Amino acid sequence: MNILITGNMGYVGPVLIRRLRHSYPAADLIGLDMGFFGNCVSSAGILPECRLSRQYFADVRNFSGELLSGIDAVVYLAALSNDPLGHAFDQATLDINYRACIRAAQNAKKAGVRSFVFASSCSVYGHAEDGPRTEASAVNPLTAYAKSKVWAERDLAALADRNFKITCLRFATACGMSDRLRLDLVLNDFVAGALASKKITILSDGTPWRPLIHVKDMARAIYWAIQRDPSETGSFLVVNVGADQWNYQVKDLAEAVAQVMPKVEISINKNAQPDKRSYRVSFEKFKALASGYTPQVDLVTAITELREALTAIGFSDKNFHQSKFIRLNTLRQLREHGLLTPDLEWTSAGEPLR
């Protein structure tokens with residue numbers, strides 16, 4: 001089994017690589033990444049990429065199709081990964097998350113790749129207060145990030161056939177510890193705040209709904225998607241990935257953290273404008289199709305693991321919202337040092353712009 005993973009040096013990649021190396025010990029695992037977040041290692045005893053067979057540093061927007069020769073499966077993780085990034089870099093978000101994804105899939109199909117897995121998002125549902133959304137529900141993308149996922153799914157559908165299986169995994173909001181941790185995710189943010197300052201700050205009124213999934217369970221789902229049987233589940237598949245019991249209101253997540261980490265103050269902005277990104281999601285389809293790969297990590301375990309891992313690395317930064325664990329901060333710092341162009345391309349030879 002030969003697998004190419006784009007965007008492998010982000011939050012999900014290290015956990016996925018560990019899973020794939022365990023499941024396919026003899027596999028040729030290849031990473032392809034720009035390296036934006038290469039120095040954002042939080043807890044690794046070794047660099048996560050050491051578990052790969054090879055690591056390429058390249059822009060997914062223009063990487064050589066020759067890298068796809070002999071590849072059995074492509075996992076497309078490459079993305080500007082949240083709404084703040086999409087707002088700050090809207091054009092790059094569409095180029096990386098959408099246009100480059102379609103070109104990669106087209107080239108993969110030409111190269112004889114059999115399986116293409118696209119990391120999509122439940123954020124495509126936008127605002128949905130009248131019941132859990134299924135895969136048949138209308139999408140309502142409110143941000144550049146969500147639109148990029150909707151458009152990629154739409155164009156990928158036309159490429160799938162009996163020889164080229166495409167799986168679009170609409171993931172719930174990620175959480176949990178990774179060797180390249182992100183703290184711009186709701187549960188991770190709450191645990192970090194509770195540990196560093198004994199305070200959880202909710203910017204909204206706490207009522208918006210969010211489905212969550214642990215990053216380890218995301219890796220399990222990707223493994224399932226790589227090897228799923230298209231004769232049973234179809235050449236093209238869009239599926240919500242998560243668990244029904246992991247639909248939470250934001251205030252409930254804060255209270256769950258406070259139960260695991262006592263003496264924590266919860267601050268809610270009761271005067272906040274309504275958060276338009278509020279949705280519940282049904283995961284019944286995923287449960288039916290992937291019964292052996294449904295989420296296993298529960299909320300208390302996720303919180304406890306984060307607390308213990310952050311404690312182990314001596315995390316105590318009360319100003320972590322200004323740290324490298326917030327992806328937007330990292331990209332802004334690279335831009336400020338002249339290392340990235342406005343379109344998020346590396347400047348020539350890494351030299352600062354004059």
# chains A, B, ... in the order shown; residues from 1 in each chain; ligands from 1
$ residues_around --residues "region 58-71 of chain A" --least-positions-apart "3" --cutoff "10 Å" --atoms "only C-alpha atoms" --output "MDAnalysis selection string"
chainID A and resid 1:4 6:7 28:35 55 74 76 78:79 92 95:101 103:104 106:115 344:346
$ write_last_selection --atoms "N, CA and C atoms" --output "short mmCIF file (atom, residue, chain, number, x, y, z; two decimals), in the first residue's frame"
data_model
loop_
_atom_site.label_atom_id
_atom_site.label_comp_id
_atom_site.auth_asym_id
_atom_site.auth_seq_id
_atom_site.Cartn_x
_atom_site.Cartn_y
_atom_site.Cartn_z
N MET A 1 0.85 -1.19 0.00
CA MET A 1 0.00 0.00 0.00
C MET A 1 0.88 1.24 0.00
N ASN A 2 0.66 2.12 -0.97
CA ASN A 2 1.40 3.37 -1.08
C ASN A 2 0.41 4.53 -0.92
N ILE A 3 0.65 5.38 0.08
CA ILE A 3 -0.32 6.43 0.42
C ILE A 3 0.38 7.78 0.44
N LEU A 4 -0.19 8.75 -0.27
CA LEU A 4 0.30 10.13 -0.25
C LEU A 4 -0.66 10.96 0.61
N THR A 6 -1.39 14.77 1.75
CA THR A 6 -1.10 16.20 1.60
C THR A 6 -1.50 16.93 2.88
N GLY A 7 -0.74 17.96 3.24
CA GLY A 7 -1.04 18.68 4.46
C GLY A 7 -0.77 17.87 5.71
N ASP A 28 4.37 2.34 2.01
CA ASP A 28 5.14 3.50 1.60
C ASP A 28 4.27 4.71 1.90
N LEU A 29 4.54 5.37 3.01
CA LEU A 29 3.77 6.54 3.43
C LEU A 29 4.55 7.79 3.07
N ILE A 30 3.91 8.66 2.30
CA ILE A 30 4.59 9.84 1.76
C ILE A 30 3.83 11.09 2.19
N GLY A 31 4.55 12.06 2.71
CA GLY A 31 3.95 13.32 3.10
C GLY A 31 4.29 14.42 2.11
N LEU A 32 3.36 15.35 1.93
CA LEU A 32 3.58 16.52 1.08
C LEU A 32 2.98 17.73 1.78
N ASP A 33 3.83 18.72 2.08
CA ASP A 33 3.36 19.83 2.88
C ASP A 33 4.21 21.06 2.59
N MET A 34 3.63 22.25 2.75
CA MET A 34 4.36 23.51 2.61
C MET A 34 5.31 23.76 3.78
N GLY A 35 5.01 23.16 4.94
CA GLY A 35 5.86 23.34 6.10
C GLY A 35 5.56 24.58 6.93
N GLN A 55 9.25 12.56 3.04
CA GLN A 55 8.55 13.82 3.23
C GLN A 55 8.97 14.78 2.13
N VAL A 74 -4.70 8.65 -1.98
CA VAL A 74 -4.34 10.02 -1.62
C VAL A 74 -5.28 10.47 -0.51
N TYR A 76 -6.30 13.91 1.23
CA TYR A 76 -6.16 15.35 1.04
C TYR A 76 -6.54 16.08 2.32
N ALA A 78 -4.61 18.86 3.08
CA ALA A 78 -4.12 20.22 2.85
C ALA A 78 -5.27 21.22 2.90
N ALA A 79 -5.11 22.24 3.73
CA ALA A 79 -6.19 23.24 3.85
C ALA A 79 -5.73 24.37 4.76
N ALA A 92 -6.40 32.44 -0.96
CA ALA A 92 -5.55 31.27 -0.73
C ALA A 92 -6.38 30.10 -0.21
N ASP A 95 -7.95 28.57 -3.18
CA ASP A 95 -6.94 27.93 -4.03
C ASP A 95 -6.45 26.62 -3.44
N ILE A 96 -6.18 26.59 -2.14
CA ILE A 96 -5.62 25.40 -1.50
C ILE A 96 -6.70 24.37 -1.19
N ASN A 97 -7.78 24.82 -0.57
CA ASN A 97 -8.82 23.90 -0.11
C ASN A 97 -9.67 23.34 -1.24
N TYR A 98 -9.82 24.12 -2.30
CA TYR A 98 -10.75 23.75 -3.38
C TYR A 98 -10.04 23.48 -4.71
N ARG A 99 -9.48 24.51 -5.32
CA ARG A 99 -8.94 24.35 -6.68
C ARG A 99 -7.79 23.35 -6.72
N ALA A 100 -6.87 23.43 -5.77
CA ALA A 100 -5.75 22.50 -5.76
C ALA A 100 -6.22 21.07 -5.47
N CYS A 101 -7.26 20.95 -4.67
CA CYS A 101 -7.82 19.63 -4.39
C CYS A 101 -8.33 18.97 -5.67
N ARG A 103 -7.47 19.65 -8.79
CA ARG A 103 -6.34 19.29 -9.66
C ARG A 103 -5.63 18.05 -9.16
N ALA A 104 -5.47 17.94 -7.85
CA ALA A 104 -4.82 16.75 -7.29
C ALA A 104 -5.63 15.50 -7.60
N GLN A 106 -7.76 15.08 -10.12
CA GLN A 106 -7.66 14.83 -11.56
C GLN A 106 -6.36 14.12 -11.90
N ASN A 107 -5.26 14.62 -11.33
CA ASN A 107 -3.96 14.01 -11.59
C ASN A 107 -3.86 12.62 -10.98
N ALA A 108 -4.47 12.44 -9.83
CA ALA A 108 -4.46 11.12 -9.19
C ALA A 108 -5.21 10.11 -10.05
N LYS A 109 -6.33 10.52 -10.60
CA LYS A 109 -7.09 9.62 -11.45
C LYS A 109 -6.29 9.23 -12.68
N LYS A 110 -5.62 10.20 -13.30
CA LYS A 110 -4.79 9.92 -14.47
C LYS A 110 -3.65 8.97 -14.14
N ALA A 111 -3.14 9.07 -12.91
CA ALA A 111 -1.99 8.25 -12.50
C ALA A 111 -2.40 6.86 -12.05
N GLY A 112 -3.70 6.58 -12.01
CA GLY A 112 -4.16 5.25 -11.63
C GLY A 112 -4.36 5.05 -10.14
N VAL A 113 -4.39 6.14 -9.38
CA VAL A 113 -4.71 6.05 -7.95
C VAL A 113 -6.13 5.50 -7.80
N ARG A 114 -6.32 4.63 -6.83
CA ARG A 114 -7.62 3.97 -6.68
C ARG A 114 -8.53 4.63 -5.66
N SER A 115 -7.95 5.31 -4.67
CA SER A 115 -8.75 5.86 -3.57
C SER A 115 -8.31 7.29 -3.27
N LEU A 344 0.46 33.51 0.38
CA LEU A 344 0.97 32.40 1.18
C LEU A 344 1.83 31.45 0.36
N GLU A 345 2.73 32.02 -0.40
CA GLU A 345 3.79 31.26 -1.06
C GLU A 345 5.11 31.67 -0.41
N TRP A 346 6.03 30.72 -0.27
CA TRP A 346 7.32 31.05 0.30
C TRP A 346 8.04 32.05 -0.61
#
$ residues_around --residues "region 302-318 of chain A" --least-positions-apart "4" --cutoff "8 Å" --atoms "only C-alpha atoms" --output "tab-separated table (two decimals) with all heavy atoms, in the first residue's frame"
chain	number	residue	atom	x	y	z
A	42	SER	N	4.46	20.16	19.56
A	42	SER	CA	4.08	20.40	20.94
A	42	SER	C	4.52	19.29	21.89
A	42	SER	O	4.90	19.56	23.02
A	42	SER	CB	2.57	20.59	21.04
A	42	SER	OG	1.88	19.55	20.36
A	43	SER	N	4.45	18.04	21.45
A	43	SER	CA	4.65	16.96	22.41
A	43	SER	C	5.41	15.76	21.85
A	43	SER	O	5.47	14.73	22.51
A	43	SER	CB	3.28	16.48	22.92
A	43	SER	OG	2.51	15.94	21.85
A	175	CYS	N	-10.92	17.87	18.04
A	175	CYS	CA	-10.41	18.15	19.38
A	175	CYS	C	-9.40	17.08	19.74
A	175	CYS	O	-9.25	16.08	19.05
A	175	CYS	CB	-11.55	18.19	20.41
A	175	CYS	SG	-12.34	16.59	20.72
A	176	GLY	N	-8.70	17.30	20.84
A	176	GLY	CA	-7.77	16.29	21.33
A	176	GLY	C	-6.32	16.66	21.11
A	176	GLY	O	-6.00	17.60	20.39
A	177	MET	N	-5.44	15.89	21.72
A	177	MET	CA	-4.00	16.16	21.67
A	177	MET	C	-3.40	15.64	20.38
A	177	MET	O	-3.77	14.60	19.85
A	177	MET	CB	-3.31	15.50	22.86
A	177	MET	CG	-1.90	15.99	23.09
A	177	MET	SD	-1.88	17.76	23.51
A	177	MET	CE	-0.12	18.11	23.42
A	187	LEU	N	-12.85	22.99	22.16
A	187	LEU	CA	-12.56	22.22	23.37
A	187	LEU	C	-11.12	22.41	23.80
A	187	LEU	O	-10.82	22.57	25.00
A	187	LEU	CB	-12.87	20.74	23.16
A	187	LEU	CG	-12.74	19.88	24.43
A	187	LEU	CD1	-13.84	20.23	25.43
A	187	LEU	CD2	-12.77	18.39	24.11
A	188	ASN	N	-10.19	22.37	22.86
A	188	ASN	CA	-8.78	22.56	23.18
A	188	ASN	C	-8.55	23.92	23.83
A	188	ASN	O	-7.77	24.06	24.77
A	188	ASN	CB	-7.93	22.43	21.92
A	188	ASN	CG	-8.00	21.04	21.29
A	188	ASN	OD1	-8.76	20.19	21.75
A	188	ASN	ND2	-7.21	20.81	20.26
A	191	VAL	N	-9.77	23.84	27.53
A	191	VAL	CA	-8.86	23.12	28.42
A	191	VAL	C	-7.59	23.94	28.67
A	191	VAL	O	-7.11	24.03	29.81
A	191	VAL	CB	-8.49	21.74	27.83
A	191	VAL	CG1	-7.43	21.05	28.69
A	191	VAL	CG2	-9.73	20.85	27.75
A	192	ALA	N	-7.06	24.56	27.64
A	192	ALA	CA	-5.86	25.39	27.80
A	192	ALA	C	-6.14	26.56	28.74
A	192	ALA	O	-5.32	26.88	29.61
A	192	ALA	CB	-5.39	25.89	26.44
A	193	GLY	N	-7.29	27.21	28.57
A	193	GLY	CA	-7.64	28.32	29.44
A	193	GLY	C	-7.81	27.88	30.89
A	193	GLY	O	-7.35	28.55	31.83
A	195	LEU	N	-6.40	25.36	32.35
A	195	LEU	CA	-5.10	24.97	32.91
A	195	LEU	C	-4.22	26.19	33.19
A	195	LEU	O	-3.59	26.29	34.25
A	195	LEU	CB	-4.39	24.02	31.95
A	195	LEU	CG	-3.06	23.43	32.44
A	195	LEU	CD1	-3.27	22.59	33.69
A	195	LEU	CD2	-2.43	22.58	31.33
A	196	ALA	N	-4.19	27.12	32.25
A	196	ALA	CA	-3.25	28.25	32.36
A	196	ALA	C	-3.73	29.34	33.30
A	196	ALA	O	-2.93	29.96	34.01
A	196	ALA	CB	-2.98	28.84	30.98
A	197	SER	N	-5.05	29.60	33.32
A	197	SER	CA	-5.54	30.75	34.08
A	197	SER	C	-6.74	30.43	34.97
A	197	SER	O	-7.31	31.35	35.59
A	197	SER	CB	-5.93	31.88	33.12
A	197	SER	OG	-6.98	31.46	32.27
A	214	HIS	N	-12.84	13.48	18.24
A	214	HIS	CA	-11.44	13.41	18.66
A	214	HIS	C	-10.56	13.12	17.45
A	214	HIS	O	-10.94	12.37	16.54
A	214	HIS	CB	-11.25	12.31	19.71
A	214	HIS	CG	-9.96	12.39	20.44
A	214	HIS	ND1	-8.78	11.94	19.91
A	214	HIS	CD2	-9.65	12.90	21.67
A	214	HIS	CE1	-7.80	12.14	20.78
A	214	HIS	NE2	-8.30	12.73	21.86
A	257	VAL	N	-15.51	20.67	30.93
A	257	VAL	CA	-14.11	20.92	31.28
A	257	VAL	C	-14.01	21.28	32.76
A	257	VAL	O	-13.12	20.80	33.48
A	257	VAL	CB	-13.52	22.04	30.40
A	257	VAL	CG1	-12.13	22.43	30.89
A	257	VAL	CG2	-13.46	21.60	28.95
A	260	VAL	N	-14.04	18.29	35.06
A	260	VAL	CA	-12.78	17.54	35.09
A	260	VAL	C	-11.68	18.35	35.77
A	260	VAL	O	-10.79	17.81	36.43
A	260	VAL	CB	-12.35	17.15	33.66
A	260	VAL	CG1	-10.98	16.47	33.66
A	260	VAL	CG2	-13.40	16.24	33.03
A	297	VAL	N	-13.44	7.61	21.46
A	297	VAL	CA	-12.99	8.48	22.56
A	297	VAL	C	-14.17	9.29	23.07
A	297	VAL	O	-14.87	9.93	22.29
A	297	VAL	CB	-11.86	9.42	22.09
A	297	VAL	CG1	-11.36	10.26	23.28
A	297	VAL	CG2	-10.71	8.63	21.47
A	298	ASP	N	-14.40	9.27	24.40
A	298	ASP	CA	-15.49	10.06	24.95
A	298	ASP	C	-14.98	11.43	25.41
A	298	ASP	O	-13.78	11.70	25.43
A	298	ASP	CB	-16.19	9.32	26.10
A	298	ASP	CG	-15.27	9.01	27.27
A	298	ASP	OD1	-14.46	9.88	27.65
A	298	ASP	OD2	-15.35	7.88	27.80
$ closest_residue --among "A:Arg133, A:His321, A:His22, A:Arg228" --to "Phe116 (chain A)" --atoms "only C-alpha atoms"
A:Arg228
$ residues_around --residues "Gly126 (chain A)" --least-positions-apart "4" --cutoff "8 Å" --atoms "only C-alpha atoms" --output "PDB file with N, CA, C and O atoms, in the first residue's frame"
ATOM      1  N   VAL A 139     -26.986  22.380   2.182  1.00  0.00           N
ATOM      2  CA  VAL A 139     -25.815  23.002   2.795  1.00  0.00           C
ATOM      3  C   VAL A 139     -26.020  24.519   2.823  1.00  0.00           C
ATOM      4  O   VAL A 139     -26.764  25.072   2.020  1.00  0.00           O
ATOM      5  N   ASN A 140     -25.335  25.156   3.773  1.00  0.00           N
ATOM      6  CA  ASN A 140     -25.480  26.599   3.958  1.00  0.00           C
ATOM      7  C   ASN A 140     -24.130  27.183   4.384  1.00  0.00           C
ATOM      8  O   ASN A 140     -23.979  27.650   5.516  1.00  0.00           O
ATOM      9  N   PRO A 141     -23.144  27.139   3.487  1.00  0.00           N
ATOM     10  CA  PRO A 141     -21.799  27.589   3.865  1.00  0.00           C
ATOM     11  C   PRO A 141     -21.758  29.102   4.076  1.00  0.00           C
ATOM     12  O   PRO A 141     -22.133  29.856   3.192  1.00  0.00           O
ATOM     13  N   LEU A 142     -21.269  29.524   5.244  1.00  0.00           N
ATOM     14  CA  LEU A 142     -21.295  30.938   5.607  1.00  0.00           C
ATOM     15  C   LEU A 142     -19.928  31.610   5.494  1.00  0.00           C
ATOM     16  O   LEU A 142     -19.848  32.830   5.610  1.00  0.00           O
ATOM     17  N   ALA A 146     -15.942  27.142   4.661  1.00  0.00           N
ATOM     18  CA  ALA A 146     -17.056  26.229   4.394  1.00  0.00           C
ATOM     19  C   ALA A 146     -17.377  26.152   2.907  1.00  0.00           C
ATOM     20  O   ALA A 146     -17.658  25.074   2.367  1.00  0.00           O
ATOM     21  N   LYS A 276     -23.991  32.734  14.044  1.00  0.00           N
ATOM     22  CA  LYS A 276     -24.700  32.103  12.926  1.00  0.00           C
ATOM     23  C   LYS A 276     -24.220  30.689  12.658  1.00  0.00           C
ATOM     24  O   LYS A 276     -24.902  29.925  11.968  1.00  0.00           O
ATOM     25  N   ARG A 277     -23.056  30.337  13.185  1.00  0.00           N
ATOM     26  CA  ARG A 277     -22.544  28.987  12.967  1.00  0.00           C
ATOM     27  C   ARG A 277     -23.008  28.086  14.113  1.00  0.00           C
ATOM     28  O   ARG A 277     -22.275  27.862  15.073  1.00  0.00           O
ATOM     29  N   SER A 278     -24.180  27.586  13.977  1.00  0.00           N
ATOM     30  CA  SER A 278     -24.759  26.726  15.002  1.00  0.00           C
ATOM     31  C   SER A 278     -25.509  25.605  14.309  1.00  0.00           C
ATOM     32  O   SER A 278     -26.437  25.857  13.543  1.00  0.00           O
ATOM     33  N   TYR A 279     -25.108  24.369  14.569  1.00  0.00           N
ATOM     34  CA  TYR A 279     -25.733  23.250  13.862  1.00  0.00           C
ATOM     35  C   TYR A 279     -25.521  21.959  14.636  1.00  0.00           C
ATOM     36  O   TYR A 279     -24.504  21.762  15.302  1.00  0.00           O
TER      37      TYR A 279
END
$ residues_around --residues "region 166-172 of chain A" --least-positions-apart "5" --cutoff "8 Å" --atoms "only C-alpha atoms" --output "CSV table (one decimal) with all heavy atoms, in the first residue's frame"
chain,number,residue,atom,x,y,z
A,115,SER,N,-8.0,5.3,-4.7
A,115,SER,CA,-8.8,5.9,-3.6
A,115,SER,C,-8.3,7.3,-3.3
A,115,SER,O,-7.1,7.6,-3.1
A,115,SER,CB,-8.6,5.0,-2.3
A,115,SER,OG,-9.4,5.5,-1.3
A,116,PHE,N,-9.3,8.2,-3.2
A,116,PHE,CA,-9.0,9.6,-2.9
A,116,PHE,C,-9.9,10.0,-1.7
A,116,PHE,O,-11.1,9.9,-1.8
A,116,PHE,CB,-9.3,10.5,-4.1
A,116,PHE,CG,-8.9,11.9,-3.9
A,116,PHE,CD1,-7.6,12.3,-4.4
A,116,PHE,CD2,-9.7,12.9,-3.3
A,116,PHE,CE1,-7.2,13.6,-4.3
A,116,PHE,CE2,-9.3,14.2,-3.2
A,116,PHE,CZ,-8.0,14.6,-3.7
A,117,VAL,N,-9.3,10.4,-0.6
A,117,VAL,CA,-10.0,10.8,0.6
A,117,VAL,C,-9.9,12.3,0.9
A,117,VAL,O,-8.8,12.8,1.0
A,117,VAL,CB,-9.5,10.0,1.8
A,117,VAL,CG1,-10.3,10.4,3.1
A,117,VAL,CG2,-9.6,8.5,1.6
A,118,PHE,N,-11.0,12.9,0.9
A,118,PHE,CA,-11.0,14.4,1.1
A,118,PHE,C,-11.6,14.7,2.5
A,118,PHE,O,-12.6,14.3,2.9
A,118,PHE,CB,-11.9,15.1,0.1
A,118,PHE,CG,-12.1,16.5,0.2
A,118,PHE,CD1,-11.0,17.4,0.2
A,118,PHE,CD2,-13.4,17.1,0.4
A,118,PHE,CE1,-11.2,18.8,0.4
A,118,PHE,CE2,-13.6,18.4,0.6
A,118,PHE,CZ,-12.5,19.3,0.5
A,119,ALA,N,-10.8,15.5,3.3
A,119,ALA,CA,-11.2,15.9,4.6
A,119,ALA,C,-12.1,17.1,4.5
A,119,ALA,O,-11.6,18.3,4.3
A,119,ALA,CB,-10.0,16.3,5.4
A,120,SER,N,-13.4,16.9,4.5
A,120,SER,CA,-14.4,17.9,4.4
A,120,SER,C,-14.8,18.3,5.9
A,120,SER,O,-14.1,18.0,6.8
A,120,SER,CB,-15.6,17.5,3.6
A,120,SER,OG,-16.4,18.6,3.3
A,121,SER,N,-15.9,19.0,6.0
A,121,SER,CA,-16.3,19.5,7.3
A,121,SER,C,-17.8,19.7,7.5
A,121,SER,O,-18.5,20.0,6.5
A,121,SER,CB,-15.7,20.9,7.5
A,121,SER,OG,-16.2,21.6,8.6
A,122,CYS,N,-18.3,19.5,8.7
A,122,CYS,CA,-19.7,19.7,9.0
A,122,CYS,C,-20.0,21.2,9.0
A,122,CYS,O,-21.2,21.5,9.0
A,122,CYS,CB,-20.1,19.1,10.3
A,122,CYS,SG,-20.2,17.3,10.3
A,123,SER,N,-19.0,22.0,8.9
A,123,SER,CA,-19.3,23.5,8.8
A,123,SER,C,-20.1,23.8,7.6
A,123,SER,O,-20.6,25.0,7.5
A,123,SER,CB,-18.0,24.3,8.9
A,123,SER,OG,-17.2,24.1,7.7
A,153,GLU,N,-16.4,19.2,-2.8
A,153,GLU,CA,-17.2,18.1,-2.8
A,153,GLU,C,-18.0,18.0,-4.2
A,153,GLU,O,-18.1,16.9,-4.8
A,153,GLU,CB,-18.3,18.1,-1.7
A,153,GLU,CG,-17.7,17.8,-0.3
A,153,GLU,CD,-18.8,17.8,0.7
A,153,GLU,OE1,-20.0,18.0,0.4
A,153,GLU,OE2,-18.4,17.7,1.9
A,156,LEU,N,-15.6,17.1,-7.0
A,156,LEU,CA,-15.0,15.7,-6.9
A,156,LEU,C,-16.1,14.7,-7.4
A,156,LEU,O,-15.7,13.6,-7.9
A,156,LEU,CB,-14.7,15.5,-5.4
A,156,LEU,CG,-13.4,16.1,-4.9
A,156,LEU,CD1,-13.3,16.0,-3.4
A,156,LEU,CD2,-12.2,15.6,-5.6
A,157,ALA,N,-17.3,15.0,-7.2
A,157,ALA,CA,-18.4,14.0,-7.5
A,157,ALA,C,-18.3,13.6,-9.0
A,157,ALA,O,-18.5,12.4,-9.3
A,157,ALA,CB,-19.7,14.5,-7.2
A,160,ALA,N,-15.4,10.6,-9.8
A,160,ALA,CA,-15.5,9.3,-9.2
A,160,ALA,C,-16.0,8.3,-10.3
A,160,ALA,O,-16.9,8.6,-11.0
A,160,ALA,CB,-16.3,9.2,-8.0
A,210,ARG,N,-22.3,22.6,18.5
A,210,ARG,CA,-21.1,22.1,17.7
A,210,ARG,C,-21.0,20.6,17.9
A,210,ARG,O,-21.0,20.1,19.0
A,210,ARG,CB,-19.8,22.8,18.3
A,210,ARG,CG,-19.6,24.2,18.0
A,210,ARG,CD,-19.3,24.5,16.6
A,210,ARG,NE,-18.9,25.9,16.4
A,210,ARG,CZ,-19.8,26.9,16.3
A,210,ARG,NH1,-21.1,26.7,16.3
A,210,ARG,NH2,-19.3,28.2,16.2
A,211,PRO,N,-20.9,19.9,16.8
A,211,PRO,CA,-20.6,18.5,17.0
A,211,PRO,C,-19.0,18.4,17.0
A,211,PRO,O,-18.3,19.1,16.4
A,211,PRO,CB,-21.1,17.9,15.7
A,211,PRO,CG,-21.0,19.0,14.7
A,211,PRO,CD,-21.2,20.3,15.4
A,212,LEU,N,-18.5,17.5,17.9
A,212,LEU,CA,-17.1,17.3,18.0
A,212,LEU,C,-16.7,15.9,17.7
A,212,LEU,O,-17.5,14.9,17.7
A,212,LEU,CB,-16.7,17.6,19.5
A,212,LEU,CG,-16.2,19.0,19.8
A,212,LEU,CD1,-17.3,20.0,19.6
A,212,LEU,CD2,-15.6,19.1,21.2
A,213,ILE,N,-15.4,15.8,17.4
A,213,ILE,CA,-14.8,14.4,17.2
A,213,ILE,C,-13.3,14.5,17.6
A,213,ILE,O,-12.6,15.5,17.3
A,213,ILE,CB,-14.9,14.0,15.7
A,213,ILE,CG1,-14.4,12.6,15.5
A,213,ILE,CG2,-14.2,14.9,14.7
A,213,ILE,CD1,-14.6,11.9,14.1
A,218,MET,N,-10.8,10.7,14.0
A,218,MET,CA,-10.7,11.2,12.6
A,218,MET,C,-9.7,10.3,11.9
A,218,MET,O,-10.0,9.9,10.7
A,218,MET,CB,-10.2,12.6,12.6
A,218,MET,CG,-11.1,13.7,13.2
A,218,MET,SD,-10.4,15.3,13.3
A,218,MET,CE,-10.4,15.8,11.6
A,222,ILE,N,-10.5,8.0,8.5
A,222,ILE,CA,-9.7,8.1,7.2
A,222,ILE,C,-9.1,6.7,6.8
A,222,ILE,O,-9.2,6.4,5.6
A,222,ILE,CB,-8.5,9.1,7.4
A,222,ILE,CG1,-9.1,10.5,7.6
A,222,ILE,CG2,-7.5,9.0,6.2
A,222,ILE,CD1,-8.1,11.6,8.0
A,225,ALA,N,-11.9,4.9,5.2
A,225,ALA,CA,-12.2,5.5,3.9
A,225,ALA,C,-11.2,5.0,2.9
A,225,ALA,O,-11.6,4.7,1.7
A,225,ALA,CB,-12.2,7.0,3.9
A,235,SER,N,-19.0,4.5,-5.4
A,235,SER,CA,-17.7,5.1,-5.9
A,235,SER,C,-17.5,6.5,-5.3
A,235,SER,O,-16.4,6.9,-5.1
A,235,SER,CB,-17.7,5.1,-7.4
A,235,SER,OG,-17.7,3.8,-7.9
A,236,PHE,N,-18.6,7.2,-5.1
A,236,PHE,CA,-18.5,8.5,-4.5
A,236,PHE,C,-19.4,8.6,-3.3
A,236,PHE,O,-20.5,8.2,-3.3
A,236,PHE,CB,-19.0,9.6,-5.5
A,236,PHE,CG,-18.9,11.0,-4.9
A,236,PHE,CD1,-17.7,11.6,-4.8
A,236,PHE,CD2,-20.1,11.6,-4.5
A,236,PHE,CE1,-17.7,12.9,-4.3
A,236,PHE,CE2,-20.0,12.9,-4.0
A,236,PHE,CZ,-18.8,13.6,-3.9
A,237,LEU,N,-18.8,9.0,-2.2
A,237,LEU,CA,-19.5,9.0,-0.9
A,237,LEU,C,-19.2,10.2,-0.1
A,237,LEU,O,-18.1,10.7,0.0
A,237,LEU,CB,-19.0,7.8,-0.1
A,237,LEU,CG,-19.6,7.6,1.3
A,237,LEU,CD1,-21.1,7.4,1.3
A,237,LEU,CD2,-18.9,6.5,2.1
A,238,VAL,N,-20.3,10.9,0.3
A,238,VAL,CA,-20.2,12.0,1.3
A,238,VAL,C,-20.8,11.5,2.5
A,238,VAL,O,-22.0,11.0,2.5
A,238,VAL,CB,-20.9,13.2,0.7
A,238,VAL,CG1,-21.0,14.3,1.8
A,238,VAL,CG2,-20.3,13.8,-0.5
A,239,VAL,N,-20.1,11.6,3.7
A,239,VAL,CA,-20.7,11.1,4.9
A,239,VAL,C,-20.2,12.0,6.1
A,239,VAL,O,-19.1,12.5,6.1
A,239,VAL,CB,-20.2,9.7,5.1
A,239,VAL,CG1,-18.7,9.5,5.2
A,239,VAL,CG2,-20.9,9.1,6.4
A,240,ASN,N,-21.2,12.3,7.0
A,240,ASN,CA,-20.9,13.0,8.2
A,240,ASN,C,-20.1,12.1,9.1
A,240,ASN,O,-20.5,10.9,9.3
A,240,ASN,CB,-22.1,13.5,8.9
A,240,ASN,CG,-23.0,14.4,8.1
A,240,ASN,OD1,-22.5,15.2,7.3
A,240,ASN,ND2,-24.3,14.4,8.3
A,241,VAL,N,-19.0,12.6,9.7
A,241,VAL,CA,-18.2,11.7,10.6
A,241,VAL,C,-18.1,12.3,12.0
A,241,VAL,O,-17.6,13.4,12.2
A,241,VAL,CB,-16.8,11.6,10.0
A,241,VAL,CG1,-15.9,10.7,10.9
A,241,VAL,CG2,-16.8,11.0,8.6
A,242,GLY,N,-18.6,11.5,12.9
A,242,GLY,CA,-18.7,11.9,14.3
A,242,GLY,C,-19.6,10.9,15.0
A,242,GLY,O,-19.8,9.8,14.5
